[in-house]
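Okay, protein-v5.cif now, which holds mmCIF, C-alpha atoms:
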data_entry
loop_
_atom_site.group_PDB
_atom_site.id
_atom_site.type_symbol
_atom_site.label_atom_id
_atom_site.label_comp_id
_atom_site.auth_asym_id
_atom_site.auth_seq_id
_atom_site.Cartn_x
_atom_site.Cartn_y
_atom_site.Cartn_z
ATOM 1 C CA MET A 4 -26.533 -9.649 18.950
ATOM 2 C CA ASP A 5 -27.079 -13.033 17.313
ATOM 3 C CA LEU A 6 -26.823 -12.505 13.548
ATOM 4 C CA ASP A 7 -28.791 -15.712 12.851
ATOM 5 C CA ALA A 8 -31.615 -14.315 14.965
ATOM 6 C CA VAL A 9 -31.510 -11.013 13.083
ATOM 7 C CA ARG A 10 -31.503 -12.883 9.767
ATOM 8 C CA THR A 11 -34.492 -14.935 10.947
ATOM 9 C CA PHE A 12 -36.332 -11.791 12.033
ATOM 10 C CA LEU A 13 -35.879 -10.286 8.559
ATOM 11 C CA ALA A 14 -37.037 -13.466 6.838
ATOM 12 C CA ALA A 15 -40.175 -13.587 9.006
ATOM 13 C CA ALA A 16 -40.853 -9.871 8.531
ATOM 14 C CA ASP A 17 -40.573 -10.183 4.729
ATOM 15 C CA ALA A 18 -42.608 -13.386 4.534
ATOM 16 C CA GLY A 19 -45.257 -12.421 7.090
ATOM 17 C CA GLN A 20 -45.257 -16.009 8.380
ATOM 18 C CA PHE A 21 -42.893 -18.036 10.525
ATOM 19 C CA GLN A 22 -43.540 -21.141 8.413
ATOM 20 C CA GLU A 23 -42.435 -19.472 5.159
ATOM 21 C CA ALA A 24 -39.395 -18.021 6.925
ATOM 22 C CA ALA A 25 -38.500 -21.544 8.088
ATOM 23 C CA VAL A 26 -38.693 -22.838 4.506
ATOM 24 C CA GLU A 27 -36.501 -19.979 3.225
ATOM 25 C CA LEU A 28 -33.896 -20.545 5.939
ATOM 26 C CA ALA A 29 -34.047 -24.355 5.711
ATOM 27 C CA VAL A 30 -34.832 -24.745 9.418
ATOM 28 C CA THR A 31 -37.881 -25.850 11.377
ATOM 29 C CA GLN A 32 -40.693 -23.507 12.319
ATOM 30 C CA GLN A 33 -39.824 -24.221 15.947
ATOM 31 C CA ALA A 34 -36.270 -22.981 15.329
ATOM 32 C CA VAL A 35 -37.675 -19.763 13.851
ATOM 33 C CA SER A 36 -39.870 -19.222 16.895
ATOM 34 C CA LYS A 37 -36.971 -19.837 19.282
ATOM 35 C CA ARG A 38 -34.689 -17.426 17.447
ATOM 36 C CA ILE A 39 -37.325 -14.701 17.391
ATOM 37 C CA ALA A 40 -38.059 -15.236 21.094
ATOM 38 C CA ALA A 41 -34.338 -15.010 21.940
ATOM 39 C CA LEU A 42 -34.001 -11.779 19.954
ATOM 40 C CA GLU A 43 -37.039 -10.306 21.723
ATOM 41 C CA ARG A 44 -35.462 -11.163 25.099
ATOM 42 C CA THR A 45 -32.216 -9.469 24.022
ATOM 43 C CA LEU A 46 -34.045 -6.317 22.922
ATOM 44 C CA GLY A 47 -36.613 -6.329 25.715
ATOM 45 C CA VAL A 48 -39.544 -5.782 23.341
ATOM 46 C CA ARG A 49 -42.010 -7.806 21.296
ATOM 47 C CA LEU A 50 -41.291 -7.803 17.579
ATOM 48 C CA PHE A 51 -44.282 -9.745 16.204
ATOM 49 C CA THR A 52 -47.944 -10.201 16.943
ATOM 50 C CA ARG A 53 -49.410 -13.563 15.939
ATOM 51 C CA THR A 54 -52.588 -13.247 13.852
ATOM 52 C CA ALA A 55 -54.810 -15.617 11.894
ATOM 53 C CA ARG A 56 -52.937 -14.573 8.759
ATOM 54 C CA GLY A 57 -49.488 -15.199 10.222
ATOM 55 C CA ALA A 58 -47.166 -12.762 12.010
ATOM 56 C CA GLU A 59 -47.332 -8.986 11.889
ATOM 57 C CA LEU A 60 -44.666 -6.571 13.063
ATOM 58 C CA THR A 61 -45.375 -4.621 16.204
ATOM 59 C CA ILE A 62 -44.503 -0.922 16.382
ATOM 60 C CA ASP A 63 -41.176 -1.917 17.922
ATOM 61 C CA GLY A 64 -40.659 -4.494 15.191
ATOM 62 C CA GLN A 65 -41.254 -1.852 12.529
ATOM 63 C CA ALA A 66 -38.767 0.481 14.254
ATOM 64 C CA PHE A 67 -36.147 -2.295 14.430
ATOM 65 C CA LEU A 68 -36.591 -3.452 10.814
ATOM 66 C CA PRO A 69 -34.376 -0.926 8.935
ATOM 67 C CA HIS A 70 -31.646 -1.242 11.558
ATOM 68 C CA ALA A 71 -31.751 -5.036 11.311
ATOM 69 C CA ARG A 72 -31.179 -4.777 7.565
ATOM 70 C CA GLU A 73 -28.204 -2.475 8.148
ATOM 71 C CA VAL A 74 -26.771 -4.861 10.763
ATOM 72 C CA LEU A 75 -26.691 -7.660 8.194
ATOM 73 C CA ARG A 76 -25.259 -5.395 5.491
ATOM 74 C CA ALA A 77 -22.510 -4.304 7.887
ATOM 75 C CA ALA A 78 -21.757 -7.926 8.729
ATOM 76 C CA GLU A 79 -21.517 -8.808 5.034
ATOM 77 C CA ARG A 80 -19.161 -5.875 4.428
ATOM 78 C CA ALA A 81 -17.020 -6.936 7.385
ATOM 79 C CA VAL A 82 -16.684 -10.474 6.031
ATOM 80 C CA ALA A 83 -15.941 -9.252 2.499
ATOM 81 C CA SER A 84 -13.229 -6.933 3.805
ATOM 82 C CA VAL A 85 -11.074 -9.884 4.884
ATOM 83 C CA ARG A 86 -12.185 -12.649 2.555
ATOM 84 C CA PRO A 87 -9.402 -13.417 0.042
ATOM 85 C CA GLY A 88 -10.463 -12.641 -3.488
ATOM 86 C CA ARG A 89 -13.454 -10.589 -2.391
ATOM 87 C CA ARG A 90 -11.621 -7.345 -1.635
ATOM 88 C CA PRO A 91 -9.053 -5.289 -3.532
ATOM 89 C CA LEU A 92 -5.358 -5.966 -3.105
ATOM 90 C CA ARG A 93 -4.039 -3.101 -0.962
ATOM 91 C CA VAL A 94 -0.482 -2.044 -1.791
ATOM 92 C CA ASP A 95 1.708 0.729 -0.368
ATOM 93 C CA VAL A 96 3.772 2.437 -3.108
ATOM 94 C CA ILE A 97 5.383 5.159 -0.913
ATOM 95 C CA ALA A 98 4.676 8.033 -3.351
ATOM 96 C CA SER A 99 2.969 8.606 -6.678
ATOM 97 C CA ARG A 100 6.038 9.582 -8.759
ATOM 98 C CA VAL A 101 8.493 6.858 -7.747
ATOM 99 C CA ALA A 102 9.303 3.424 -9.175
ATOM 100 C CA PRO A 103 6.911 1.338 -7.009
ATOM 101 C CA SER A 104 3.995 3.314 -8.420
ATOM 102 C CA ALA A 105 5.238 2.530 -11.946
ATOM 103 C CA LEU A 106 5.600 -1.152 -11.014
ATOM 104 C CA MET A 107 2.000 -1.273 -9.840
ATOM 105 C CA ARG A 108 0.784 0.475 -12.991
ATOM 106 C CA GLY A 109 2.551 -2.222 -14.991
ATOM 107 C CA PHE A 110 0.914 -4.903 -12.851
ATOM 108 C CA HIS A 111 -2.496 -3.313 -13.372
ATOM 109 C CA HIS A 112 -2.021 -3.275 -17.148
ATOM 110 C CA ALA A 113 -0.979 -6.940 -17.060
ATOM 111 C CA GLN A 114 -3.781 -8.005 -14.664
ATOM 112 C CA PRO A 115 -6.666 -5.541 -15.188
ATOM 113 C CA GLU A 116 -9.174 -7.945 -13.641
ATOM 114 C CA ILE A 117 -7.543 -7.632 -10.193
ATOM 115 C CA ASP A 118 -8.986 -4.839 -8.056
ATOM 116 C CA LEU A 119 -6.314 -2.644 -6.487
ATOM 117 C CA ASP A 120 -6.216 -0.132 -3.658
ATOM 118 C CA VAL A 121 -3.024 1.946 -3.733
ATOM 119 C CA VAL A 122 -1.924 3.711 -0.536
ATOM 120 C CA MET A 123 1.122 5.792 0.386
ATOM 121 C CA LEU A 124 2.706 5.264 3.803
ATOM 122 C CA PHE A 125 5.596 7.288 5.169
ATOM 123 C CA ASP A 126 8.253 4.852 6.379
ATOM 124 C CA VAL A 127 9.063 1.195 6.909
ATOM 125 C CA GLU A 128 7.760 1.152 10.501
ATOM 126 C CA ALA A 129 4.350 2.395 9.363
ATOM 127 C CA ALA A 130 4.374 -0.117 6.512
ATOM 128 C CA VAL A 131 5.246 -3.075 8.758
ATOM 129 C CA ALA A 132 2.559 -2.083 11.270
ATOM 130 C CA ALA A 133 -0.012 -1.885 8.456
ATOM 131 C CA LEU A 134 1.058 -5.295 7.116
ATOM 132 C CA ARG A 135 0.758 -6.887 10.545
ATOM 133 C CA SER A 136 -2.663 -5.345 11.204
ATOM 134 C CA GLY A 137 -4.015 -6.344 7.779
ATOM 135 C CA ALA A 138 -4.537 -2.738 6.703
ATOM 136 C CA ILE A 139 -2.420 -3.436 3.606
ATOM 137 C CA ASP A 140 -1.324 -6.590 1.778
ATOM 138 C CA ALA A 141 2.072 -5.487 0.459
ATOM 139 C CA SER A 142 4.545 -2.619 0.616
ATOM 140 C CA PHE A 143 7.551 -1.512 -1.419
ATOM 141 C CA ARG A 144 10.542 -0.628 0.780
ATOM 142 C CA ALA A 145 14.342 -0.564 0.836
ATOM 143 C CA VAL A 146 15.020 -3.091 3.581
ATOM 144 C CA ALA A 147 16.349 -3.931 5.980
ATOM 145 C CA MET A 148 17.704 -0.932 7.847
ATOM 146 C CA PRO A 149 20.939 -1.293 9.814
ATOM 147 C CA GLY A 150 20.264 -2.695 13.271
ATOM 148 C CA ARG A 151 16.523 -2.965 12.590
ATOM 149 C CA PRO A 152 15.778 -6.322 10.946
ATOM 150 C CA LEU A 153 12.308 -7.167 9.744
ATOM 151 C CA PRO A 154 10.050 -9.132 12.094
ATOM 152 C CA GLU A 155 9.996 -12.870 11.395
ATOM 153 C CA ASP A 156 6.355 -12.743 10.262
ATOM 154 C CA ILE A 157 7.175 -10.276 7.455
ATOM 155 C CA GLY A 158 8.438 -11.711 4.162
ATOM 156 C CA SER A 159 10.461 -9.712 1.653
ATOM 157 C CA VAL A 160 12.084 -10.043 -1.761
ATOM 158 C CA ARG A 161 14.165 -7.621 -3.856
ATOM 159 C CA VAL A 162 12.176 -6.723 -6.964
ATOM 160 C CA LEU A 163 13.981 -3.756 -8.532
ATOM 161 C CA ASP A 164 17.441 -2.168 -8.355
ATOM 162 C CA GLU A 165 16.871 1.337 -9.682
ATOM 163 C CA PRO A 166 19.909 3.300 -10.951
ATOM 164 C CA HIS A 167 20.552 6.849 -9.808
ATOM 165 C CA GLN A 168 20.944 9.932 -11.969
ATOM 166 C CA LEU A 169 22.410 13.351 -11.240
ATOM 167 C CA LEU A 170 20.010 16.202 -11.943
ATOM 168 C CA THR A 171 21.647 19.552 -12.712
ATOM 169 C CA GLY A 172 20.794 22.934 -14.129
ATOM 170 C CA PRO A 173 22.262 24.048 -17.481
ATOM 171 C CA ALA A 174 25.070 26.091 -15.866
ATOM 172 C CA HIS A 175 26.330 23.347 -13.524
ATOM 173 C CA ALA A 176 29.952 22.224 -14.017
ATOM 174 C CA LEU A 177 28.801 18.667 -14.868
ATOM 175 C CA ALA A 178 25.812 19.625 -17.014
ATOM 176 C CA ARG A 179 27.466 18.568 -20.292
ATOM 177 C CA ALA A 180 28.728 15.200 -19.043
ATOM 178 C CA ARG A 181 27.236 12.075 -20.633
ATOM 179 C CA SER A 182 27.780 10.243 -17.340
ATOM 180 C CA VAL A 183 29.425 11.027 -14.028
ATOM 181 C CA THR A 184 31.278 8.751 -11.601
ATOM 182 C CA LEU A 185 30.776 8.767 -7.853
ATOM 183 C CA ALA A 186 34.380 9.918 -7.491
ATOM 184 C CA GLU A 187 33.649 12.952 -9.699
ATOM 185 C CA LEU A 188 30.656 13.833 -7.509
ATOM 186 C CA ALA A 189 32.735 13.998 -4.341
ATOM 187 C CA GLY A 190 33.493 17.722 -4.670
ATOM 188 C CA HIS A 191 29.977 18.884 -5.548
ATOM 189 C CA ARG A 192 27.017 19.930 -3.389
ATOM 190 C CA ILE A 193 24.030 17.609 -3.717
ATOM 191 C CA TRP A 194 20.817 19.017 -2.278
ATOM 192 C CA MET A 195 18.049 16.582 -1.232
ATOM 193 C CA PRO A 196 15.636 18.322 1.176
ATOM 194 C CA GLY A 197 13.229 15.361 1.098
ATOM 195 C CA ILE A 198 15.540 13.148 3.175
ATOM 196 C CA VAL A 199 13.932 12.549 6.579
ATOM 197 C CA PRO A 200 16.125 11.214 9.417
ATOM 198 C CA GLY A 201 15.170 7.733 10.591
ATOM 199 C CA THR A 202 13.675 6.602 7.282
ATOM 200 C CA GLU A 203 15.039 3.823 5.106
ATOM 201 C CA TRP A 204 15.965 6.272 2.364
ATOM 202 C CA ALA A 205 17.910 8.390 4.873
ATOM 203 C CA ALA A 206 19.837 5.259 5.895
ATOM 204 C CA TYR A 207 20.567 4.540 2.228
ATOM 205 C CA TYR A 208 21.995 8.004 1.506
ATOM 206 C CA ASP A 209 23.955 8.041 4.784
ATOM 207 C CA ALA A 210 25.671 4.856 3.597
ATOM 208 C CA LEU A 211 26.329 6.375 0.169
ATOM 209 C CA VAL A 212 27.925 9.464 1.723
ATOM 210 C CA ALA A 213 30.056 7.398 4.113
ATOM 211 C CA GLU A 214 31.424 5.104 1.412
ATOM 212 C CA PHE A 215 32.122 7.609 -1.369
ATOM 213 C CA GLY A 216 32.730 10.883 0.477
ATOM 214 C CA LEU A 217 29.816 12.727 -1.103
ATOM 215 C CA THR A 218 28.264 15.923 0.215
ATOM 216 C CA ILE A 219 24.500 15.501 0.464
ATOM 217 C CA GLU A 220 22.606 18.339 2.146
ATOM 218 C CA ALA A 221 19.067 17.901 3.446
ATOM 219 C CA THR A 222 18.821 21.446 4.809
ATOM 220 C CA GLY A 223 15.795 23.692 4.465
ATOM 221 C CA PRO A 224 12.091 22.910 4.222
ATOM 222 C CA ASN A 225 10.885 20.439 1.623
ATOM 223 C CA PHE A 226 8.463 22.339 -0.623
ATOM 224 C CA GLY A 227 8.141 19.428 -3.042
ATOM 225 C CA SER A 228 9.689 18.449 -6.347
ATOM 226 C CA ASP A 229 8.605 21.577 -8.258
ATOM 227 C CA ALA A 230 10.442 23.883 -5.834
ATOM 228 C CA LEU A 231 13.460 21.577 -5.886
ATOM 229 C CA LEU A 232 13.605 21.685 -9.694
ATOM 230 C CA ASP A 233 13.284 25.470 -9.734
ATOM 231 C CA THR A 234 16.184 25.844 -7.301
ATOM 232 C CA VAL A 235 18.472 23.393 -9.106
ATOM 233 C CA ALA A 236 17.737 25.065 -12.450
ATOM 234 C CA ASP A 237 18.651 28.513 -11.092
ATOM 235 C CA THR A 238 21.650 27.564 -8.910
ATOM 236 C CA PRO A 239 24.807 26.466 -10.773
ATOM 237 C CA ALA A 240 26.493 25.214 -7.593
ATOM 238 C CA LEU A 241 23.657 22.804 -6.687
ATOM 239 C CA ALA A 242 22.629 19.427 -8.059
ATOM 240 C CA THR A 243 20.393 16.695 -6.748
ATOM 241 C CA LEU A 244 20.125 12.934 -7.062
ATOM 242 C CA THR A 245 17.072 11.230 -8.482
ATOM 243 C CA THR A 246 16.316 7.707 -9.581
ATOM 244 C CA GLU A 247 15.817 6.471 -13.115
ATOM 245 C CA GLN A 248 12.072 5.845 -12.922
ATOM 246 C CA THR A 249 11.142 8.876 -10.807
ATOM 247 C CA ARG A 250 8.790 10.982 -12.938
ATOM 248 C CA LEU A 251 9.816 14.634 -13.076
ATOM 249 C CA VAL A 252 8.344 17.338 -15.285
ATOM 250 C CA TRP A 253 9.741 20.865 -15.560
ATOM 251 C CA PRO A 254 9.275 23.926 -17.801
ATOM 252 C CA ALA A 255 11.293 23.848 -21.027
ATOM 253 C CA GLY A 256 13.195 26.949 -19.985
ATOM 254 C CA HIS A 257 14.741 25.195 -16.987
ATOM 255 C CA GLY A 258 17.156 23.250 -19.210
ATOM 256 C CA LEU A 259 17.685 20.559 -16.593
ATOM 257 C CA ARG A 260 19.934 17.552 -17.314
ATOM 258 C CA ARG A 261 19.503 13.962 -16.091
ATOM 259 C CA ILE A 262 22.958 12.353 -16.071
ATOM 260 C CA PRO A 263 23.601 8.651 -15.297
ATOM 261 C CA VAL A 264 25.813 7.989 -12.257
ATOM 262 C CA THR A 265 28.456 5.259 -12.649
ATOM 263 C CA GLY A 266 31.626 3.803 -11.196
ATOM 264 C CA PRO A 267 29.840 1.861 -9.589
ATOM 265 C CA VAL A 268 26.184 2.552 -10.338
ATOM 266 C CA PRO A 269 24.383 3.317 -7.056
ATOM 267 C CA VAL A 270 21.029 1.547 -7.258
ATOM 268 C CA TYR A 271 18.102 1.978 -4.926
ATOM 269 C CA PRO A 272 16.974 -1.507 -3.834
ATOM 270 C CA HIS A 273 13.196 -1.757 -3.912
ATOM 271 C CA SER A 274 11.837 -4.779 -2.064
ATOM 272 C CA LEU A 275 8.300 -6.084 -1.719
ATOM 273 C CA LEU A 276 7.138 -6.781 1.834
ATOM 274 C CA TRP A 277 4.136 -8.868 2.914
ATOM 275 C CA HIS A 278 2.826 -10.700 5.977
ATOM 276 C CA ARG A 279 3.613 -14.404 5.775
ATOM 277 C CA ASP A 280 0.061 -15.318 6.870
ATOM 278 C CA ASN A 281 -1.580 -13.226 4.159
ATOM 279 C CA ARG A 282 -3.576 -15.499 1.836
ATOM 280 C CA HIS A 283 -4.955 -12.950 -0.611
ATOM 281 C CA PRO A 284 -4.772 -14.777 -3.973
ATOM 282 C CA ALA A 285 -3.739 -11.631 -5.843
ATOM 283 C CA LEU A 286 -0.669 -11.277 -3.617
ATOM 284 C CA ALA A 287 0.819 -14.435 -5.121
ATOM 285 C CA THR A 288 0.016 -13.107 -8.588
ATOM 286 C CA LEU A 289 1.771 -9.816 -7.807
ATOM 287 C CA ARG A 290 4.872 -11.603 -6.496
ATOM 288 C CA ALA A 291 5.039 -13.798 -9.600
ATOM 289 C CA HIS A 292 4.648 -10.744 -11.859
ATOM 290 C CA LEU A 293 7.461 -8.869 -10.111
ATOM 291 C CA ALA A 294 9.714 -11.923 -10.093
ATOM 292 C CA ALA A 295 9.267 -12.326 -13.858
ATOM 293 C CA ALA A 296 10.022 -8.647 -14.425
ATOM 294 C CA ALA A 297 13.169 -8.831 -12.275
ATOM 295 C CA SER A 298 14.602 -12.013 -13.807
ATOM 296 C CA GLY A 299 17.752 -11.678 -15.876
ATOM 297 C CA ARG A 300 18.817 -8.283 -14.518
ATOM 298 C CA ASP A 301 22.582 -7.782 -14.375
ATOM 299 C CA THR A 302 23.733 -6.469 -10.986
ATOM 300 C CA ALA A 303 27.428 -6.344 -11.889
ATOM 301 C CA GLY A 304 28.973 -2.924 -11.338
ATOM 302 C CA THR A 305 26.205 -1.716 -9.018
ATOM 303 C CA TRP A 306 26.302 -0.581 -5.400
ATOM 304 C CA VAL A 307 23.907 -0.936 -2.475
ATOM 305 C CA PRO A 308 24.603 -0.557 1.256
ATOM 306 C CA ARG A 309 25.978 -3.659 2.966
ATOM 307 C CA TRP A 310 22.861 -3.945 5.141
ATOM 308 C CA VAL A 311 20.467 -4.300 2.180
ATOM 309 C CA LEU A 312 18.886 -7.736 1.939
ATOM 310 C CA PRO A 313 20.240 -9.886 -0.914
ATOM 311 C CA HIS A 314 18.189 -10.871 -3.961
#
Output the structure of this file as structure tokens.
Amino acid sequence: MDLDAVRTFLAAADAGQFQEAAVELAVTQQAVSKRIAALERTLGVRLFTRTARGAELTIDGQAFLPHAREVLRAAERAVASVRPGRRPLRVDVIASRVAPSALMRGFHHAQPEIDLDVVMLFDVEAAVAALRSGAIDASFRAVAMPGRPLPEDIGSVRVLDEPHQLLTGPAHALARARSVTLAELAGHRIWMPGIVPGTEWAAYYDALVAEFGLTIEATGPNFGSDALLDTVADTPALATLTTEQTRLVWPAGHGLRRIPVTGPVPVYPHSLLWHRDNRHPALATLRAHLAAAASGRDTAGTWVPRWVLPH
């Protein structure tokens, strides 16, 4: 359906005259007549009856009128959905309690005038597909995975290296330590039921285990962070790994300890991904904000897998 013809129909219906519709649309009266005639041929009905007073809607014209208005509204929404600066910046933060969510909250506080849509996608494949389809504008991921490089049309930059911490209950053998080295962790059970095979975070922890001889168990169903905290608090033989900016809240009686991991410090490498053809103006603002926040960070004494993209 020709949107110009629909727009002309609405102008003529509102004005009641083809001549006034022509003035409103800045076209000739003949152009108005031709557009209306073409629309009538498309629909197979007559939309107007010419009278001495101008043009009146037929019964079919009256039936078509509300739908014609909705057609134009839908077209305007469709255009706005992809027009840079006219739609919110859509960013994947993986989960609500992790560092990317905190980074986006900081960006929102710094740039409150920018509209944001925050989404949470499962893994890097889903994120890349959403970037390529235009469903999102940016995604935070630990890239690239071994043997699975990013497509050439996807840009990326490291924006945050987040240190790890050991989380233990009060009766754990390491609970009173001010810090713990990776070598000291080698003989302890680390339980992380949220690790899903095939994800970028699974690849990260596989590399950590292989290099430092740790024991990380992902057994059992993942009932969420609350169940994990309950189990760690009640089981002296178990601990788990978390990252510095992951928000965790537990009852005071749990007595949990968050202990920095050192020697070297294993950091989780958060990168920002985007499609290289994306021209949303707020995307450039987000990248500049993250680059400023990341500048000056000291990476000496830290560890990431060899396959992680450099800064």
Report the residues retrieved by the PyMOL selection byres ((chain A and resi 16-18) around 10) from the displayed file, expressed as an NGL selection string. :A and (10-15 or 19-25 or 27 or 50-51 or 57-60 or 64-65 or 68)
Give me the residues of segment 245-306 of chain A that have any atom at most 12 Å from an atom of segment 176-197 of chain A; for each, the nearest atom pair and the distance in Å, rounded to one decimal. Use all atoms listed in the file, sort by chain and number, and format it as CSV.
residue,atom,partner,partner_atom,distance
A:Thr245,CA,A:Met195,CA,9.1
A:Gly258,CA,A:Ala178,CA,9.6
A:Leu259,CA,A:Ala178,CA,8.2
A:Arg260,CA,A:Ala178,CA,6.2
A:Arg261,CA,A:Ala178,CA,8.5
A:Ile262,CA,A:Ser182,CA,5.4
A:Pro263,CA,A:Ser182,CA,4.9
A:Val264,CA,A:Val183,CA,5.0
A:Thr265,CA,A:Thr184,CA,4.6
A:Gly266,CA,A:Thr184,CA,5.0
A:Pro267,CA,A:Leu185,CA,7.2
A:Val268,CA,A:Leu185,CA,8.1
A:Pro269,CA,A:Leu185,CA,8.4
A:Gly304,CA,A:Thr184,CA,11.9
A:Thr305,CA,A:Leu185,CA,11.5
A:Trp306,CA,A:Leu185,CA,10.6
Would you please work out which residue, of A:Leu211, A:Ile157, A:Leu119, A:Met107, is nearest to Val307 of chain A when using all atoms listed in the file?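 Smallest distance to Val307 of chain A is found for A:Leu211.
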Enumerate, as an MDAnalysis selection string, the residues matched when the PyMOL selection byres ((chain A and resi 251) around 9) is run on the file above. chainID A and resid 100 228:229 232 249:250 252:253
Find, counting all atoms listed in the file, the residue in A:His257, A:His175, A:His278, A:His70 that gets nearest to Ser142 of chain A.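 Closest candidate: A:His278.
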To one decimal place, how far is atom CA of Leu124 of chain A from atom CA of Trp204 of chain A in Å? 13.4 Å
Best match for closeness to Arg49 of chain A among A:Ile219, A:Asp237, A:Thr61, A:Glu73, counting all atoms listed in the file: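 Nearest to Arg49 of chain A: A:Thr61.
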Provide the atom CA of Arg144 of chain A to atom CA of Asn225 of chain A distance in Å, to one decimal place.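 Separation of atom CA of Arg144 of chain A and atom CA of Asn225 of chain A: 21.1 Å.
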Excluding Asp209 of chain A and any residue of its chain fewer than 4 positions from it, enumerate the residues within 10 Å of it, using all atoms listed in the file, and give them as a list in words.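 My list of contacting residues is Ile198, Pro200, Glu203, Trp204, Ala205, Ala213, Glu214, Leu217, Ile219 and Pro308 of chain A.
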I need segment 50-62 of chain A written out with N, CA and C atoms, as a compact mmCIF listing (two decimals), in the first residue's frame; please produce it.
# COMPACT_ATOMS: atom_id res chain seq x y z
N LEU A 50 -13.75 5.69 -2.19
CA LEU A 50 -13.53 6.26 -0.87
C LEU A 50 -14.22 7.60 -0.68
N PHE A 51 -14.43 8.35 -1.77
CA PHE A 51 -15.03 9.68 -1.69
C PHE A 51 -16.16 9.81 -2.71
N THR A 52 -17.10 10.65 -2.36
CA THR A 52 -18.13 11.10 -3.29
C THR A 52 -17.98 12.59 -3.46
N ARG A 53 -17.84 13.05 -4.71
CA ARG A 53 -17.70 14.48 -4.97
C ARG A 53 -19.06 15.15 -4.80
N THR A 54 -19.09 16.27 -4.08
CA THR A 54 -20.31 17.04 -3.87
C THR A 54 -20.01 18.51 -4.16
N ALA A 55 -21.05 19.33 -4.12
CA ALA A 55 -20.85 20.76 -4.37
C ALA A 55 -20.00 21.39 -3.28
N ARG A 56 -20.00 20.78 -2.11
CA ARG A 56 -19.23 21.32 -0.99
C ARG A 56 -17.80 20.77 -0.93
N GLY A 57 -17.50 19.78 -1.76
CA GLY A 57 -16.15 19.24 -1.76
C GLY A 57 -16.15 17.74 -1.96
N ALA A 58 -15.63 17.00 -0.98
CA ALA A 58 -15.52 15.54 -1.07
C ALA A 58 -15.96 14.94 0.26
N GLU A 59 -16.91 14.02 0.18
CA GLU A 59 -17.40 13.35 1.38
C GLU A 59 -17.02 11.88 1.34
N LEU A 60 -16.72 11.33 2.49
CA LEU A 60 -16.37 9.92 2.58
C LEU A 60 -17.57 9.04 2.28
N THR A 61 -17.35 8.00 1.50
CA THR A 61 -18.37 6.98 1.33
C THR A 61 -18.39 6.10 2.58
N ILE A 62 -19.31 5.13 2.59
CA ILE A 62 -19.35 4.19 3.71
C ILE A 62 -18.02 3.43 3.80
